[in-house]
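Participant: Quick one, protein03.pdb (PDB, C-alpha atoms and all ligand atoms):
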```pdb
ATOM      1  CA  MET H1199     -39.656-148.307 -92.565
ATOM      2  CA  ASP H1200     -36.752-145.817 -92.594
ATOM      3  CA  ILE H1201     -37.104-142.660 -94.657
ATOM      4  CA  CYS H1202     -33.851-140.866 -95.523
ATOM      5  CA  ARG H1203     -33.349-137.563 -97.281
ATOM      6  CA  GLN H1204     -29.570-137.506 -96.711
ATOM      7  CA  VAL H1205     -27.051-139.834 -98.294
ATOM      8  CA  ASP H1206     -25.011-140.251 -95.088
ATOM      9  CA  GLN H1207     -28.111-141.496 -93.217
ATOM     10  CA  LEU H1208     -28.808-143.890 -96.090
ATOM     11  CA  ARG H1209     -25.224-145.182 -96.103
ATOM     12  CA  THR H1210     -25.140-145.754 -92.345
ATOM     13  CA  ILE H1211     -28.214-147.981 -92.553
ATOM     14  CA  VAL H1212     -27.230-149.828 -95.731
ATOM     15  CA  ASP H1213     -23.618-150.367 -94.520
ATOM     16  CA  GLY H1214     -25.012-151.907 -91.321
ATOM     17  CA  TRP H1215     -27.095-154.349 -93.350
ATOM     18  CA  ARG H1216     -24.178-155.252 -95.561
ATOM     19  CA  MET H1217     -21.910-155.907 -92.550
ATOM     20  CA  SER H1218     -24.519-158.346 -91.258
ATOM     21  CA  GLY H1219     -24.393-160.223 -94.550
ATOM     22  CA  GLU H1220     -27.715-158.997 -95.949
ATOM     23  CA  THR H1221     -28.337-158.505 -99.664
ATOM     24  CA  ILE H1222     -29.759-155.245-100.959
ATOM     25  CA  ALA H1223     -32.231-154.732-103.787
ATOM     26  CA  PHE H1224     -32.932-151.267-105.119
ATOM     27  CA  VAL H1225     -36.010-149.947-106.951
ATOM     28  CA  PRO H1226     -35.501-146.420-108.302
ATOM     29  CA  THR H1227     -38.763-144.522-109.004
ATOM     30  CA  MET H1228     -40.072-141.045-109.623
ATOM     31  CA  GLY H1229     -42.952-141.678-107.203
ATOM     32  CA  ASN H1230     -46.687-141.577-107.916
ATOM     33  CA  LEU H1231     -46.544-145.296-107.318
ATOM     34  CA  HIS H1232     -49.020-147.656-108.987
ATOM     35  CA  SER H1233     -49.301-151.450-109.111
ATOM     36  CA  GLY H1234     -46.572-151.570-111.760
ATOM     37  CA  HIS H1235     -44.066-150.065-109.315
ATOM     38  CA  LEU H1236     -45.336-152.313-106.536
ATOM     39  CA  SER H1237     -44.679-155.375-108.688
ATOM     40  CA  LEU H1238     -41.032-154.227-108.919
ATOM     41  CA  VAL H1239     -40.916-153.970-105.130
ATOM     42  CA  GLU H1240     -42.411-157.476-104.777
ATOM     43  CA  LEU H1241     -39.755-158.915-107.065
ATOM     44  CA  ALA H1242     -37.048-157.022-105.160
ATOM     45  CA  GLN H1243     -38.325-158.519-101.898
ATOM     46  CA  GLN H1244     -38.156-162.019-103.372
ATOM     47  CA  ARG H1245     -34.585-161.509-104.522
ATOM     48  CA  ALA H1246     -32.886-159.792-101.572
ATOM     49  CA  SER H1247     -33.173-159.545 -97.803
ATOM     50  CA  ARG H1248     -33.466-155.709 -97.784
ATOM     51  CA  VAL H1249     -35.242-153.402-100.216
ATOM     52  CA  VAL H1250     -34.491-149.723-100.816
ATOM     53  CA  VAL H1251     -36.891-147.626-102.939
ATOM     54  CA  SER H1252     -35.941-144.130-104.095
ATOM     55  CA  ILE H1253     -38.442-141.432-104.976
ATOM     56  CA  TYR H1254     -36.960-138.563-106.967
ATOM     57  CA  VAL H1255     -38.374-136.674-109.947
ATOM     58  CA  ASN H1256     -35.167-136.174-111.894
ATOM     59  CA  PRO H1257     -35.059-132.812-113.699
ATOM     60  CA  MET H1258     -32.171-133.908-115.951
ATOM     61  CA  GLN H1259     -34.348-136.378-117.865
ATOM     62  CA  PHE H1260     -37.021-133.813-118.790
ATOM     63  CA  SER H1261     -36.561-131.383-121.675
ATOM     64  CA  PRO H1262     -37.853-127.829-121.156
ATOM     65  CA  ASP H1263     -41.079-128.544-123.107
ATOM     66  CA  GLU H1264     -41.910-131.666-121.058
ATOM     67  CA  ASP H1265     -43.991-132.223-117.920
ATOM     68  CA  PHE H1266     -41.411-131.812-115.132
ATOM     69  CA  ASP H1267     -43.486-129.167-113.294
ATOM     70  CA  SER H1268     -46.778-131.031-113.611
ATOM     71  CA  TYR H1269     -45.371-134.538-113.003
ATOM     72  CA  PRO H1270     -47.549-135.981-110.188
ATOM     73  CA  ARG H1271     -45.867-135.770-106.783
ATOM     74  CA  THR H1272     -47.733-137.837-104.193
ATOM     75  CA  LEU H1273     -45.125-138.523-101.530
ATOM     76  CA  ASP H1274     -47.484-139.194 -98.601
ATOM     77  CA  ASP H1275     -49.537-141.732-100.589
ATOM     78  CA  ASP H1276     -46.362-143.343-101.919
ATOM     79  CA  LEU H1277     -44.882-143.740 -98.442
ATOM     80  CA  GLU H1278     -48.129-145.280 -97.241
ATOM     81  CA  LYS H1279     -48.081-147.862-100.044
ATOM     82  CA  LEU H1280     -44.441-148.732 -99.356
ATOM     83  CA  ARG H1281     -45.078-148.957 -95.615
ATOM     84  CA  THR H1282     -47.942-151.398 -96.309
ATOM     85  CA  MET H1283     -45.533-153.493 -98.366
ATOM     86  CA  ASP H1284     -42.988-153.501 -95.562
ATOM     87  CA  VAL H1285     -40.224-151.865 -97.580
ATOM     88  CA  ASP H1286     -37.085-151.364 -95.467
ATOM     89  CA  LEU H1287     -35.925-147.934 -96.582
ATOM     90  CA  VAL H1288     -37.196-145.106 -98.791
ATOM     91  CA  PHE H1289     -34.657-142.605-100.066
ATOM     92  CA  THR H1290     -36.152-139.221-100.968
ATOM     93  CA  PRO H1291     -33.270-136.951-101.976
ATOM     94  CA  ASP H1292     -33.812-133.385-103.195
ATOM     95  CA  ASP H1293     -32.187-131.556-106.108
ATOM     96  CA  ALA H1294     -29.421-130.087-103.912
ATOM     97  CA  MET H1295     -28.437-133.610-102.855
ATOM     98  CA  ILE H1296     -28.424-135.057-106.374
ATOM     99  CA  TYR H1297     -27.063-132.049-108.287
ATOM    100  CA  PRO H1298     -25.107-129.917-105.772
ATOM    101  CA  GLN H1299     -23.494-127.882-108.593
ATOM    102  CA  GLY H1300     -26.794-127.527-110.441
ATOM    103  CA  GLU H1301     -28.007-129.992-112.999
ATOM    104  CA  SER H1302     -26.421-128.231-116.005
ATOM    105  CA  ARG H1303     -22.950-128.277-114.346
ATOM    106  CA  SER H1304     -23.083-131.900-113.208
ATOM    107  CA  THR H1305     -20.852-134.644-114.539
ATOM    108  CA  PHE H1306     -23.045-136.858-116.691
ATOM    109  CA  ILE H1307     -23.186-140.395-118.061
ATOM    110  CA  GLU H1308     -23.813-140.912-121.751
ATOM    111  CA  VAL H1309     -24.460-144.426-123.062
ATOM    112  CA  PRO H1310     -23.685-144.104-126.770
ATOM    113  CA  GLY H1311     -25.648-145.803-129.532
ATOM    114  CA  LEU H1312     -28.674-147.075-127.659
ATOM    115  CA  SER H1313     -29.406-143.597-126.276
ATOM    116  CA  ASP H1314     -29.614-141.970-129.682
ATOM    117  CA  ILE H1315     -32.190-144.174-131.383
ATOM    118  CA  ILE H1316     -36.002-144.605-131.158
ATOM    119  CA  GLU H1317     -37.045-142.894-127.879
ATOM    120  CA  GLY H1318     -33.728-141.011-127.845
ATOM    121  CA  GLU H1319     -34.505-139.430-131.230
ATOM    122  CA  PHE H1320     -37.729-137.980-129.898
ATOM    123  CA  ARG H1321     -36.393-137.094-126.438
ATOM    124  CA  PRO H1322     -32.815-135.875-126.891
ATOM    125  CA  GLY H1323     -31.009-135.841-123.547
ATOM    126  CA  PHE H1324     -33.537-138.171-121.907
ATOM    127  CA  PHE H1325     -31.262-141.196-121.590
ATOM    128  CA  ARG H1326     -28.340-139.021-120.483
ATOM    129  CA  GLY H1327     -30.564-137.776-117.659
ATOM    130  CA  VAL H1328     -31.717-141.294-116.765
ATOM    131  CA  ALA H1329     -28.230-142.854-116.898
ATOM    132  CA  THR H1330     -26.738-140.020-114.837
ATOM    133  CA  VAL H1331     -29.299-140.148-112.047
ATOM    134  CA  VAL H1332     -29.357-143.962-111.938
ATOM    135  CA  MET H1333     -25.551-144.042-111.722
ATOM    136  CA  LYS H1334     -25.607-141.507-108.894
ATOM    137  CA  LEU H1335     -28.324-143.441-107.058
ATOM    138  CA  PHE H1336     -26.398-146.702-107.568
ATOM    139  CA  ASN H1337     -23.312-145.066-106.024
ATOM    140  CA  MET H1338     -25.357-143.836-103.090
ATOM    141  CA  VAL H1339     -27.248-147.076-102.385
ATOM    142  CA  GLN H1340     -24.637-149.582-103.638
ATOM    143  CA  PRO H1341     -27.204-152.334-104.150
ATOM    144  CA  ASP H1342     -26.548-155.940-105.158
ATOM    145  CA  ILE H1343     -29.493-155.921-107.546
ATOM    146  CA  ALA H1344     -31.685-153.228-109.088
ATOM    147  CA  VAL H1345     -35.149-153.707-110.544
ATOM    148  CA  PHE H1346     -36.675-151.821-113.504
ATOM    149  CA  GLY H1347     -39.943-152.145-115.407
ATOM    150  CA  GLU H1348     -39.986-153.403-118.990
ATOM    151  CA  LYS H1349     -42.488-150.727-120.031
ATOM    152  CA  ASP H1350     -39.454-148.453-120.357
ATOM    153  CA  TYR H1351     -37.721-151.193-122.309
ATOM    154  CA  GLN H1352     -35.098-149.027-123.971
ATOM    155  CA  GLN H1353     -34.282-147.458-120.595
ATOM    156  CA  LEU H1354     -33.707-150.960-119.189
ATOM    157  CA  LEU H1355     -31.268-151.745-122.008
ATOM    158  CA  VAL H1356     -29.458-148.411-121.578
ATOM    159  CA  ILE H1357     -28.983-149.172-117.875
ATOM    160  CA  ARG H1358     -27.790-152.717-118.577
ATOM    161  CA  GLN H1359     -25.271-151.292-121.050
ATOM    162  CA  MET H1360     -24.077-148.692-118.544
ATOM    163  CA  VAL H1361     -23.639-151.359-115.853
ATOM    164  CA  ALA H1362     -21.669-153.594-118.245
ATOM    165  CA  ASP H1363     -19.515-150.764-119.631
ATOM    166  CA  LEU H1364     -18.655-149.374-116.191
ATOM    167  CA  ASN H1365     -18.198-152.808-114.548
ATOM    168  CA  LEU H1366     -20.750-152.121-111.822
ATOM    169  CA  PRO H1367     -21.273-155.166-109.585
ATOM    170  CA  ILE H1368     -25.055-154.860-109.798
ATOM    171  CA  GLU H1369     -27.475-157.365-111.290
ATOM    172  CA  ILE H1370     -30.168-155.606-113.319
ATOM    173  CA  ILE H1371     -33.566-157.285-113.355
ATOM    174  CA  GLY H1372     -36.421-156.370-115.724
ATOM    175  CA  VAL H1373     -40.031-156.969-114.711
ATOM    176  CA  GLU H1374     -42.739-157.448-117.275
ATOM    177  CA  ILE H1375     -45.284-154.704-117.960
ATOM    178  CA  LYS H1376     -48.237-154.502-115.606
ATOM    179  CA  ARG H1377     -51.436-153.650-117.502
ATOM    180  CA  GLU H1378     -54.894-152.320-116.680
ATOM    181  CA  ALA H1379     -57.810-154.686-117.390
ATOM    182  CA  ASP H1380     -58.211-153.247-120.904
ATOM    183  CA  GLY H1381     -54.511-153.679-121.730
ATOM    184  CA  LEU H1382     -53.229-150.135-121.144
ATOM    185  CA  ALA H1383     -49.691-150.314-119.734
ATOM    186  CA  MET H1384     -49.649-148.800-116.234
ATOM    187  CA  SER H1385     -47.900-145.431-116.048
ATOM    188  CA  SER H1386     -48.003-142.381-113.820
ATOM    189  CA  ARG H1387     -48.711-140.348-116.953
ATOM    190  CA  ASN H1388     -52.031-142.217-117.490
ATOM    191  CA  ASN H1389     -53.395-139.820-114.849
ATOM    192  CA  TYR H1390     -53.259-137.052-117.473
ATOM    193  CA  LEU H1391     -55.835-138.816-119.699
ATOM    194  CA  ASP H1392     -59.412-137.508-119.597
ATOM    195  CA  ALA H1393     -62.264-140.042-119.586
ATOM    196  CA  ALA H1394     -62.616-140.222-123.389
ATOM    197  CA  GLU H1395     -58.860-140.482-123.907
ATOM    198  CA  ARG H1396     -58.608-143.160-121.224
ATOM    199  CA  GLU H1397     -61.286-145.181-123.052
ATOM    200  CA  ASN H1398     -59.438-144.779-126.355
ATOM    201  CA  SER H1399     -55.971-145.435-124.912
ATOM    202  CA  ARG H1400     -56.420-149.228-124.998
ATOM    203  CA  VAL H1401     -56.037-148.981-128.804
ATOM    204  CA  LEU H1402     -52.267-148.644-128.278
ATOM    205  CA  SER H1403     -51.798-152.115-126.754
ATOM    206  CA  GLU H1404     -54.432-153.607-129.088
ATOM    207  CA  SER H1405     -52.578-152.230-132.120
ATOM    208  CA  LEU H1406     -49.289-153.738-130.954
ATOM    209  CA  GLN H1407     -51.023-157.074-130.491
ATOM    210  CA  GLN H1408     -52.480-156.798-134.003
ATOM    211  CA  LEU H1409     -49.040-155.903-135.359
ATOM    212  CA  SER H1410     -47.499-159.026-133.844
ATOM    213  CA  ASP H1411     -50.372-161.178-135.157
ATOM    214  CA  ASN H1412     -49.803-159.699-138.617
ATOM    215  CA  ILE H1413     -46.094-160.564-138.545
ATOM    216  CA  GLU H1414     -46.850-164.078-137.351
ATOM    217  CA  GLN H1415     -49.224-164.458-140.281
ATOM    218  CA  GLY H1416     -46.490-163.486-142.706
ATOM    219  CA  MET H1417     -46.974-159.759-143.238
ATOM    220  CA  SER H1418     -43.741-157.855-143.950
ATOM    221  CA  ILE H1419     -42.228-155.763-141.166
ATOM    222  CA  GLU H1420     -42.692-152.474-143.053
ATOM    223  CA  GLN H1421     -46.338-153.258-143.852
ATOM    224  CA  ALA H1422     -47.111-154.266-140.255
ATOM    225  CA  GLU H1423     -45.464-151.115-138.852
ATOM    226  CA  SER H1424     -47.278-148.945-141.356
ATOM    227  CA  GLU H1425     -50.705-150.535-140.658
ATOM    228  CA  CYS H1426     -50.187-150.089-136.917
ATOM    229  CA  HIS H1427     -49.213-146.453-137.447
ATOM    230  CA  SER H1428     -52.332-145.857-139.595
ATOM    231  CA  THR H1429     -54.648-147.511-137.050
ATOM    232  CA  LEU H1430     -53.278-145.329-134.265
ATOM    233  CA  ALA H1431     -53.493-142.168-136.374
ATOM    234  CA  SER H1432     -57.080-142.999-137.395
ATOM    235  CA  ARG H1433     -57.983-143.310-133.702
ATOM    236  CA  GLY H1434     -56.659-139.857-132.844
ATOM    237  CA  PHE H1435     -53.090-140.668-131.753
ATOM    238  CA  ILE H1436     -50.185-138.515-132.901
ATOM    239  CA  VAL H1437     -47.612-141.221-133.485
ATOM    240  CA  ASP H1438     -43.921-140.651-132.695
ATOM    241  CA  TYR H1439     -42.875-144.151-133.729
ATOM    242  CA  VAL H1440     -43.979-147.732-134.235
ATOM    243  CA  THR H1441     -41.000-149.954-134.853
ATOM    244  CA  ILE H1442     -40.066-153.627-134.764
ATOM    245  CA  ARG H1443     -36.575-154.365-133.461
ATOM    246  CA  GLU H1444     -34.207-157.071-132.317
ATOM    247  CA  THR H1445     -34.700-157.424-128.542
ATOM    248  CA  GLU H1446     -31.147-156.890-127.253
ATOM    249  CA  SER H1447     -29.517-154.416-129.638
ATOM    250  CA  LEU H1448     -32.757-152.704-130.746
ATOM    251  CA  LYS H1449     -31.359-152.942-134.285
ATOM    252  CA  LYS H1450     -33.769-153.022-137.210
ATOM    253  CA  VAL H1451     -34.589-156.462-138.539
ATOM    254  CA  SER H1452     -35.099-157.325-142.189
ATOM    255  CA  ASN H1453     -37.773-159.740-143.403
ATOM    256  CA  GLU H1454     -34.996-162.010-144.694
ATOM    257  CA  GLN H1455     -33.562-162.355-141.154
ATOM    258  CA  LEU H1456     -36.832-163.737-139.773
ATOM    259  CA  THR H1457     -36.741-167.437-139.042
ATOM    260  CA  ALA H1458     -38.990-169.608-136.882
ATOM    261  CA  ASN H1459     -38.689-168.577-133.219
ATOM    262  CA  THR H1460     -36.956-165.237-133.888
ATOM    263  CA  VAL H1461     -37.899-163.066-130.917
ATOM    264  CA  LEU H1462     -38.714-159.473-131.754
ATOM    265  CA  ILE H1463     -39.999-156.455-129.902
ATOM    266  CA  ALA H1464     -42.467-153.893-131.195
ATOM    267  CA  LEU H1465     -42.075-150.495-129.565
ATOM    268  CA  ALA H1466     -44.465-147.569-129.903
ATOM    269  CA  ALA H1467     -44.831-144.034-128.598
ATOM    270  CA  ALA H1468     -47.835-141.880-129.383
ATOM    271  CA  ARG H1469     -49.616-138.882-127.956
ATOM    272  CA  LEU H1470     -53.269-138.773-127.067
ATOM    273  CA  GLY H1471     -54.173-135.147-126.352
ATOM    274  CA  LYS H1472     -51.421-133.884-124.052
ATOM    275  CA  THR H1473     -50.420-137.350-122.828
ATOM    276  CA  ARG H1474     -47.506-139.205-124.355
ATOM    277  CA  LEU H1475     -47.891-142.976-123.995
ATOM    278  CA  ILE H1476     -45.292-145.656-124.654
ATOM    279  CA  ASP H1477     -45.763-149.387-124.873
ATOM    280  CA  ASN H1478     -44.009-152.462-126.213
ATOM    281  CA  LEU H1479     -44.675-156.098-126.951
ATOM    282  CA  LYS H1480     -42.228-158.970-127.309
ATOM    283  CA  PHE H1481     -43.277-161.725-129.641
ATOM    284  CA  SER H1482     -41.748-164.594-131.556
ATOM    285  CA  VAL H1483     -42.166-165.463-135.199
ATOM    286  CA  ARG H1484     -43.587-168.943-135.652
TER     287      ARG H1484
HETATM  288  O1  LIG C   1     -38.329-145.073-114.863
HETATM  289  C1  LIG C   1     -38.271-144.138-114.043
HETATM  290  O2  LIG C   1     -39.143-143.948-113.204
HETATM  291  C2  LIG C   1     -37.078-143.176-114.094
HETATM  292  O3  LIG C   1     -36.639-142.996-115.399
HETATM  293  C3  LIG C   1     -35.932-143.595-113.169
HETATM  294  C4  LIG C   1     -35.334-144.933-113.589
HETATM  295  C5  LIG C   1     -36.418-143.682-111.735
HETATM  296  C6  LIG C   1     -34.808-142.550-113.226
HETATM  297  O4  LIG C   1     -35.261-141.293-112.833
END
```
If you convert what's in this file into structure tokens, what do you get?
Ligand code: PAF
Facilitator:
Amino acid sequence: MDICRQVDQLRTIVDGWRMSGETIAFVPTMGNLHSGHLSLVELAQQRASRVVVSIYVNPMQFSPDEDFDSYPRTLDDDLEKLRTMDVDLVFTPDDAMIYPQGESRSTFIEVPGLSDIIEGEFRPGFFRGVATVVMKLFNMVQPDIAVFGEKDYQQLLVIRQMVADLNLPIEIIGVEIKREADGLAMSSRNNYLDAAERENSRVLSESLQQLSDNIEQGMSIEQAESECHSTLASRGFIVDYVTIRETESLKKVSNEQLTANTVLIALAAARLGKTRLIDNLKFSVR
């Protein structure tokens, strides 16, 4: 497994592969790899002959009051996991490589509309930071396909939109959420939960499941969102949002628009102690 810190090293290797007719899949990560990330790598390996994984904790996507400093950095463990999976190349750039002028003076990518709603309302600047770093990494790696987890569903849509708007020749693949046995969506931030919070955290996925059951049984969208919000609040969560949306545009849906087989997505973000958790569930109306 090659490990590159410099973009010219990365390009030399990837160009060599491309000249020999190989296809390249890319999995961008912020490290602290868990089975969710590894499922992205597995899919990448099925879809291309070479797999590049990047590990970079991107300062531009954290606001000053967020967990950039405490975000878990476990490079040695991560490299070991990727070596075991036989990944071809790991790219581990530093801030000077990604933002040579400093992050605040860098050219940025803004995907309008999708970036400003739901998660974007609670984390202003987050999607600008994600789109900018992903665009830069795409330009460095120049993959044929790139793989992202559906836990960050809105992020996946923002990246798809960026790729379409900027005519990037990259196929974006989403991989379904990997969950712990009790339903908690896997996330590096789950490490912040203490034992009691970890036990309670399963209520988030359970509440989304209940919300979808309620809609299927004919409850109105507003009532289902509000009941889910109340359940989470009663179990100690500070809720940022619980919302039911159309799956591609993330537009709100009215009860009148619901017909048999309409596919919807419920998205939620809520804090448990100092940990902010997000989750989502796609479901169809019968
Ligand atoms: O989902 C993540 O881990 C990050 O947002 C990403 C896509 C690697 C960009 O920093």
Participant: Find the axis-aligned box for range 1429-1439 of chain H, covering all its listed atoms and adding 8 Å on each side, and write its centre and edge lengths in Å to one decimal as JSON.
Facilitator:
```
{"center_x": -50.4, "center_y": -143.0, "center_z": -134.6, "size_x": 31.1, "size_y": 25.0, "size_z": 21.6}
```
Participant: Provide the CA of Leu1355 in chain H to CA of Leu1406 in chain H distance in Å, to one decimal place.
Facilitator: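 Those two atoms sit 20.2 Å apart.
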Participant: Which residue out of H:Asp1206, H:Asp1284, H:Asp1314, H:Asp1477 has the minimum interatomic distance to Glu1240 in chain H when only C-alpha atoms are used?
Facilitator: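 With only C-alpha atoms as the atom set, the closest residue is H:Asp1284.
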Participant: Using all atoms listed in the file, find each residue with an atom at most 8 Å away from ligand LIG 1 (chain C) and format the answer as a PyMOL selection string.
Facilitator: chain H and resi 1225-1229+1252-1256+1259+1327-1329+1331-1332+1346-1347+1350+1353
Participant: For the structure provided, state which residues fall under the PyMOL selection byres (((chain H and resi 1484) around 10) and not hetatm), and present them as a ChimeraX atom specification.
Facilitator: /H:1413-1416,1456-1461,1481-1483
Participant: Would you kindly translate the PyMOL selection byres (((chain H and resi 1368) around 6) and not hetatm) into the concrete residues it picks from this file, as a list in words?
Facilitator: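 So the PyMOL selection byres (((chain H and resi 1368) around 6) and not hetatm) ends up selecting Asp1342, Ile1343, Leu1366, Pro1367 and Glu1369 of chain H.
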Participant: CA of Asp1438 in chain H and CA of Phe1320 in chain H are how many Å apart?
Facilitator: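 Calculated distance between CA of Asp1438 in chain H and CA of Phe1320 in chain H is 7.3 Å.
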Participant: Using all atoms listed in the file, determine which residues lie at most 8 Å from range 1388-1395 of chain H, disregarding the query and same-chain residues fewer than 6 positions distant; provide the list as a PyMOL selection string.
Facilitator: chain H and resi 1470-1473+1475
Participant: Which one is closest to Glu1264 in chain H: H:Gly1323, H:Gly1372, H:Pro1291, H:Gly1434? Count all atoms listed in the file.
Facilitator: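 Closest to Glu1264 in chain H, using all atoms listed in the file: H:Gly1323.
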